[in-house]
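Peer 1: Have a peek at data-v9.txt (compact mmCIF, C-alpha atoms).
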```txt
# COMPACT_ATOMS: atom_id res chain seq x y z
CA MET A 244 -117.20 -48.47 -79.70
CA ARG A 245 -119.21 -51.70 -79.42
CA GLU A 246 -116.05 -53.59 -80.42
CA THR A 247 -114.09 -52.11 -77.48
CA ALA A 248 -116.84 -52.92 -74.97
CA GLU A 249 -117.09 -56.48 -76.27
CA PHE A 250 -113.31 -56.92 -76.09
CA ASP A 251 -113.23 -55.54 -72.52
CA ASN A 252 -115.91 -58.03 -71.56
CA ILE A 253 -113.90 -60.91 -73.07
CA PHE A 254 -110.79 -59.67 -71.29
CA ARG A 255 -112.50 -59.59 -67.89
CA LEU A 256 -114.22 -62.90 -68.48
CA TYR A 257 -111.17 -65.01 -69.38
CA TYR A 258 -108.01 -63.27 -68.18
CA GLU A 259 -107.73 -65.00 -64.80
CA HIS A 260 -108.54 -68.42 -66.30
CA LEU A 261 -105.95 -67.93 -69.02
CA TYR A 262 -103.34 -66.81 -66.49
CA ASN A 263 -103.96 -69.93 -64.38
CA TYR A 264 -103.80 -72.06 -67.52
CA ALA A 265 -100.45 -70.54 -68.49
CA HIS A 266 -99.21 -71.03 -64.95
CA GLN A 267 -99.74 -74.78 -65.38
CA TYR A 268 -97.02 -74.66 -68.04
CA LEU A 269 -94.74 -71.94 -66.71
CA PRO A 270 -93.63 -71.18 -63.15
CA ASP A 271 -92.79 -67.51 -63.72
CA PRO A 272 -95.79 -65.22 -63.09
CA ASP A 273 -94.33 -62.48 -65.32
CA ASP A 274 -94.03 -64.91 -68.23
CA CYS A 275 -97.64 -65.99 -67.68
CA HIS A 276 -98.88 -62.40 -67.72
CA ASP A 277 -96.81 -61.64 -70.84
CA ILE A 278 -98.17 -64.67 -72.66
CA VAL A 279 -101.80 -63.97 -71.78
CA THR A 280 -101.36 -60.35 -72.79
CA ALA A 281 -99.83 -61.43 -76.10
CA ALA A 282 -102.79 -63.76 -76.69
CA TYR A 283 -105.19 -60.88 -76.13
CA GLU A 284 -103.15 -58.73 -78.51
CA ASP A 285 -103.57 -61.44 -81.14
CA VAL A 286 -107.32 -61.44 -80.55
CA TRP A 287 -107.47 -57.65 -80.76
CA ARG A 288 -105.55 -57.62 -84.05
CA ASN A 289 -107.92 -60.24 -85.49
CA PHE A 290 -111.06 -59.20 -83.62
CA ASP A 291 -113.08 -58.64 -86.77
CA ARG A 292 -112.35 -62.25 -87.85
CA VAL A 293 -112.69 -63.99 -84.46
CA LYS A 294 -116.19 -65.21 -83.78
CA THR A 295 -117.65 -64.52 -80.34
CA ASP A 296 -118.57 -68.17 -79.83
CA THR A 297 -115.01 -69.37 -80.57
CA VAL A 298 -112.97 -66.63 -78.88
CA ARG A 299 -112.52 -68.68 -75.67
CA ASP A 300 -111.07 -71.66 -77.57
CA TYR A 301 -108.93 -69.32 -79.66
CA LEU A 302 -107.47 -67.69 -76.53
CA PHE A 303 -106.72 -70.98 -74.77
CA THR A 304 -105.10 -72.42 -77.89
CA CYS A 305 -103.05 -69.28 -78.35
CA VAL A 306 -101.88 -69.32 -74.71
CA ARG A 307 -100.98 -73.02 -74.92
CA ASN A 308 -98.93 -72.49 -78.09
CA LYS A 309 -97.15 -69.47 -76.65
CA CYS A 310 -96.33 -71.42 -73.46
CA ILE A 311 -94.90 -74.28 -75.49
CA ASP A 312 -92.80 -71.81 -77.50
CA GLN A 313 -91.55 -70.28 -74.24
CA LEU A 314 -90.62 -73.74 -72.90
CA ARG A 315 -88.72 -74.50 -76.10
CA ARG A 316 -86.80 -71.24 -75.82
CA ARG A 317 -86.08 -71.96 -72.15
CA LYS A 318 -84.79 -75.45 -72.99
CA SER A 319 -82.49 -73.99 -75.62
CA HIS A 320 -81.40 -71.29 -73.18
CA ASP A 321 -80.69 -73.85 -70.44
CA GLY A 322 -78.66 -75.95 -72.88
CA TYR A 323 -76.55 -72.95 -73.79
CA ILE A 324 -76.01 -72.02 -70.13
CA GLU A 325 -74.94 -75.59 -69.36
CA PHE A 326 -72.53 -75.52 -72.29
CA VAL A 327 -70.99 -72.26 -71.10
CA ARG A 328 -70.77 -73.60 -67.54
CA LEU A 329 -69.02 -76.77 -68.68
CA MET A 330 -66.65 -74.88 -70.92
CA SER A 331 -65.71 -72.33 -68.29
CA SER A 332 -65.53 -74.47 -65.14
CA PRO A 333 -62.57 -76.68 -64.39
CA HIS A 334 -63.26 -80.40 -64.30
CA GLU A 335 -62.12 -82.24 -61.19
CA ASP A 336 -59.85 -84.51 -63.18
CA SER A 337 -58.55 -81.87 -65.57
CA SER A 338 -55.40 -79.90 -65.09
CA ALA A 339 -55.07 -76.14 -65.07
CA LEU A 340 -53.79 -76.31 -68.66
CA GLU A 341 -56.92 -78.14 -69.81
CA HIS A 342 -59.07 -75.53 -68.08
CA ASP A 343 -57.17 -72.76 -69.82
CA ASP A 344 -57.71 -74.56 -73.12
CA GLN A 345 -61.44 -74.72 -72.43
CA LEU A 346 -61.61 -71.02 -71.64
CA ARG A 347 -59.59 -70.18 -74.73
CA THR A 348 -61.88 -72.36 -76.86
CA MET A 349 -64.99 -70.70 -75.42
CA ARG A 350 -63.55 -67.26 -76.06
CA GLN A 351 -62.73 -68.27 -79.65
CA LEU A 352 -66.30 -69.41 -80.14
CA LEU A 353 -67.74 -66.15 -78.83
CA ASP A 354 -65.18 -64.12 -80.79
CA SER A 355 -66.17 -65.98 -83.96
CA LEU A 356 -69.66 -64.51 -83.65
CA LYS A 357 -69.88 -61.21 -85.45
CA SER A 358 -71.54 -58.11 -84.11
CA PRO A 359 -74.48 -57.74 -83.45
CA THR A 360 -75.03 -61.53 -83.20
CA ARG A 361 -72.70 -61.79 -80.23
CA GLU A 362 -74.28 -58.84 -78.41
CA ILE A 363 -77.77 -60.23 -78.99
CA LEU A 364 -76.73 -63.68 -77.75
CA GLU A 365 -75.17 -62.20 -74.62
CA ALA A 366 -78.19 -59.99 -73.94
CA CYS A 367 -80.65 -62.87 -74.31
CA TYR A 368 -78.72 -65.59 -72.53
CA LEU A 369 -76.27 -64.00 -70.17
CA TYR A 370 -78.49 -61.11 -69.10
CA GLU A 371 -81.75 -63.06 -69.65
CA LYS A 372 -83.46 -60.29 -71.59
CA LYS A 373 -86.49 -61.00 -73.70
CA TYR A 374 -86.30 -60.62 -77.45
CA GLN A 375 -88.56 -57.57 -77.32
CA GLU A 376 -86.29 -55.86 -74.77
CA VAL A 377 -83.21 -56.50 -76.90
CA ALA A 378 -85.01 -55.27 -80.01
CA ASP A 379 -86.08 -52.07 -78.25
CA GLU A 380 -82.60 -51.40 -76.85
CA MET A 381 -80.87 -52.01 -80.18
CA HIS A 382 -83.59 -50.27 -82.24
CA ILE A 383 -84.18 -53.35 -84.40
CA SER A 384 -87.16 -55.62 -84.98
CA VAL A 385 -87.91 -58.73 -82.94
CA SER A 386 -87.56 -60.81 -86.10
CA THR A 387 -84.01 -59.48 -86.53
CA VAL A 388 -83.21 -60.53 -82.95
CA LYS A 389 -84.61 -63.99 -83.70
CA LYS A 390 -82.55 -64.23 -86.89
CA HIS A 391 -79.34 -63.45 -85.00
CA MET A 392 -80.23 -65.90 -82.23
CA VAL A 393 -80.78 -68.68 -84.76
CA ARG A 394 -77.41 -67.88 -86.31
CA ALA A 395 -75.64 -67.89 -82.92
CA LEU A 396 -77.25 -71.11 -81.72
CA ARG A 397 -76.45 -72.82 -85.02
CA THR A 398 -72.79 -71.82 -84.59
CA ILE A 399 -72.78 -73.17 -81.03
CA ARG A 400 -74.37 -76.47 -82.13
CA GLU A 401 -71.76 -76.89 -84.85
CA PHE A 402 -69.03 -76.08 -82.35
CA LYS A 403 -70.37 -78.66 -79.88
CA LYS A 404 -70.42 -81.29 -82.63
CA LYS A 405 -66.79 -80.55 -83.45
CA LEU A 406 -65.84 -80.93 -79.79
CA LYS A 407 -67.48 -84.37 -79.58
CA THR A 408 -65.61 -85.68 -82.63
```
The structure in this file should be written as structure tokens.
Peer 2:
Amino acid sequence: MRETAEFDNIFRLYYEHLYNYAHQYLPDPDDCHDIVTAAYEDVWRNFDRVKTDTVRDYLFTCVRNKCIDQLRRRKSHDGYIEFVRLMSSPHEDSSALEHDDQLRTMRQLLDSLKSPTREILEACYLYEKKYQEVADEMHISVSTVKKHMVRALRTIREFKKKLKT
């Protein structure tokens, strides 16, 4: 019981500061709330090991690391979106045949991804769902979603390298 009261006090004491801190990294308020909540979940899971005098530093470090991870995922996501946009949009100096070739190539790339890797990639990047949402919808773990995303992004990177050569 004392543990819950102490945690509630820590939550009330730092939540707003942590949210503002996360907002310095990320523009999306929902992402900021999710990250701060995840940081508090980490504290709760490790509450018996986290010292009261270091909990503030622990929370801020946790939020910073989660924000950086989110920015890395966003950068990867933006790179993929740009790749899809370039592959599917006609270039001003390209002919209709070249555009058709680009579309065919993009379809081949997506078709080369096996299920459920393709579905997970589409859910995360085309529909902008979070890993947790995809995991819940597909009744799989978040780590399985991450594994498929790594596989899909590796395939795309290899494909992009082949296009440049």
Peer 1: Mind listing as a compact mmCIF listing (two decimals) with C-alpha atoms, keeping the file's coordinate frame all residues within 12 Å of (-97.3, -68.1, -66.0), counting only C-alpha atoms?
Peer 2:
```
# COMPACT_ATOMS: atom_id res chain seq x y z
CA TYR A 258 -108.01 -63.27 -68.18
CA GLU A 259 -107.73 -65.00 -64.80
CA HIS A 260 -108.54 -68.42 -66.30
CA LEU A 261 -105.95 -67.93 -69.02
CA TYR A 262 -103.34 -66.81 -66.49
CA ASN A 263 -103.96 -69.93 -64.38
CA TYR A 264 -103.80 -72.06 -67.52
CA ALA A 265 -100.45 -70.54 -68.49
CA HIS A 266 -99.21 -71.03 -64.95
CA GLN A 267 -99.74 -74.78 -65.38
CA TYR A 268 -97.02 -74.66 -68.04
CA LEU A 269 -94.74 -71.94 -66.71
CA PRO A 270 -93.63 -71.18 -63.15
CA ASP A 271 -92.79 -67.51 -63.72
CA PRO A 272 -95.79 -65.22 -63.09
CA ASP A 273 -94.33 -62.48 -65.32
CA ASP A 274 -94.03 -64.91 -68.23
CA CYS A 275 -97.64 -65.99 -67.68
CA HIS A 276 -98.88 -62.40 -67.72
CA ASP A 277 -96.81 -61.64 -70.84
CA ILE A 278 -98.17 -64.67 -72.66
CA VAL A 279 -101.80 -63.97 -71.78
CA THR A 280 -101.36 -60.35 -72.79
CA VAL A 306 -101.88 -69.32 -74.71
CA ARG A 307 -100.98 -73.02 -74.92
CA LYS A 309 -97.15 -69.47 -76.65
CA CYS A 310 -96.33 -71.42 -73.46
CA ILE A 311 -94.90 -74.28 -75.49
CA GLN A 313 -91.55 -70.28 -74.24
CA LEU A 314 -90.62 -73.74 -72.90
```
Peer 1: Please determine the residues with any atom at most 12 Å from (-85.2, -71.5, -73.3) (coordinates as given in the file, with all atoms listed in the file counting) and report them as a list of chain:residue names.
Peer 2: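 Looking at atoms near the point gives A:Leu269, A:Cys310, A:Ile311, A:Asp312, A:Gln313, A:Leu314, A:Arg315, A:Arg316, A:Arg317, A:Lys318, A:Ser319, A:His320, A:Asp321, A:Gly322, A:Tyr323, A:Ile324, A:Glu325, A:Cys367, A:Tyr368, A:Glu371, A:Lys372, A:Lys373, A:Tyr374, A:Met392, A:Leu396.
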Peer 1: Kindly save the residues from that selection, with C-alpha atoms included, as an mmCIF file, keeping the file's coordinate frame.
Peer 2:
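The resulting file, out.cif, is shown below:
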```cif
data_model
loop_
_atom_site.group_PDB
_atom_site.id
_atom_site.type_symbol
_atom_site.label_atom_id
_atom_site.label_comp_id
_atom_site.auth_asym_id
_atom_site.auth_seq_id
_atom_site.Cartn_x
_atom_site.Cartn_y
_atom_site.Cartn_z
ATOM 1 C CA LEU A 269 -94.740 -71.940 -66.710
ATOM 2 C CA CYS A 310 -96.330 -71.420 -73.460
ATOM 3 C CA ILE A 311 -94.900 -74.280 -75.490
ATOM 4 C CA ASP A 312 -92.800 -71.810 -77.500
ATOM 5 C CA GLN A 313 -91.550 -70.280 -74.240
ATOM 6 C CA LEU A 314 -90.620 -73.740 -72.900
ATOM 7 C CA ARG A 315 -88.720 -74.500 -76.100
ATOM 8 C CA ARG A 316 -86.800 -71.240 -75.820
ATOM 9 C CA ARG A 317 -86.080 -71.960 -72.150
ATOM 10 C CA LYS A 318 -84.790 -75.450 -72.990
ATOM 11 C CA SER A 319 -82.490 -73.990 -75.620
ATOM 12 C CA HIS A 320 -81.400 -71.290 -73.180
ATOM 13 C CA ASP A 321 -80.690 -73.850 -70.440
ATOM 14 C CA GLY A 322 -78.660 -75.950 -72.880
ATOM 15 C CA TYR A 323 -76.550 -72.950 -73.790
ATOM 16 C CA ILE A 324 -76.010 -72.020 -70.130
ATOM 17 C CA GLU A 325 -74.940 -75.590 -69.360
ATOM 18 C CA CYS A 367 -80.650 -62.870 -74.310
ATOM 19 C CA TYR A 368 -78.720 -65.590 -72.530
ATOM 20 C CA GLU A 371 -81.750 -63.060 -69.650
ATOM 21 C CA LYS A 372 -83.460 -60.290 -71.590
ATOM 22 C CA LYS A 373 -86.490 -61.000 -73.700
ATOM 23 C CA TYR A 374 -86.300 -60.620 -77.450
ATOM 24 C CA MET A 392 -80.230 -65.900 -82.230
ATOM 25 C CA LEU A 396 -77.250 -71.110 -81.720
#
```
Peer 1: So that I can check the surroundings of Val298 (chain A), please list as a ChimeraX atom specification every protein, DNA and RNA residue that reaches within 12 Å of it, counting all atoms listed in the file and ignoring chain neighbours fewer than 4 positions away.
Peer 2: /A:249-250,252-254,256-257,282-283,285-287,289-294,302-305
Peer 1: For CA of Leu369 (chain A) and CA of Lys404 (chain A), determine how far apart the two atoms are, in Å to one decimal place.
Peer 2: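 The value is 22.1 Å.
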Peer 1: What gap, in Å, lies between CA of His391 (chain A) and CA of Arg361 (chain A)?
Peer 2: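 Atom-to-atom, CA of His391 (chain A) and CA of Arg361 (chain A) are spaced 8.3 Å apart.
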Peer 1: What lies within 10 Å of Leu356 (chain A) using only C-alpha atoms, ignoring chain neighbours under 4 positions off, as a compact mmCIF listing (two decimals) with C-alpha atoms, keeping the file's coordinate frame?
Peer 2:
```txt
# COMPACT_ATOMS: atom_id res chain seq x y z
CA GLN A 351 -62.73 -68.27 -79.65
CA LEU A 352 -66.30 -69.41 -80.14
CA THR A 360 -75.03 -61.53 -83.20
CA ARG A 361 -72.70 -61.79 -80.23
CA GLU A 362 -74.28 -58.84 -78.41
CA LEU A 364 -76.73 -63.68 -77.75
CA HIS A 391 -79.34 -63.45 -85.00
CA ARG A 394 -77.41 -67.88 -86.31
CA ALA A 395 -75.64 -67.89 -82.92
CA THR A 398 -72.79 -71.82 -84.59
CA ILE A 399 -72.78 -73.17 -81.03
```
Peer 1: CA of Glu376 (chain A) to CA of Thr348 (chain A): how many Å, to one decimal?
Peer 2: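 Computing it gives 29.5 Å between the two atoms.
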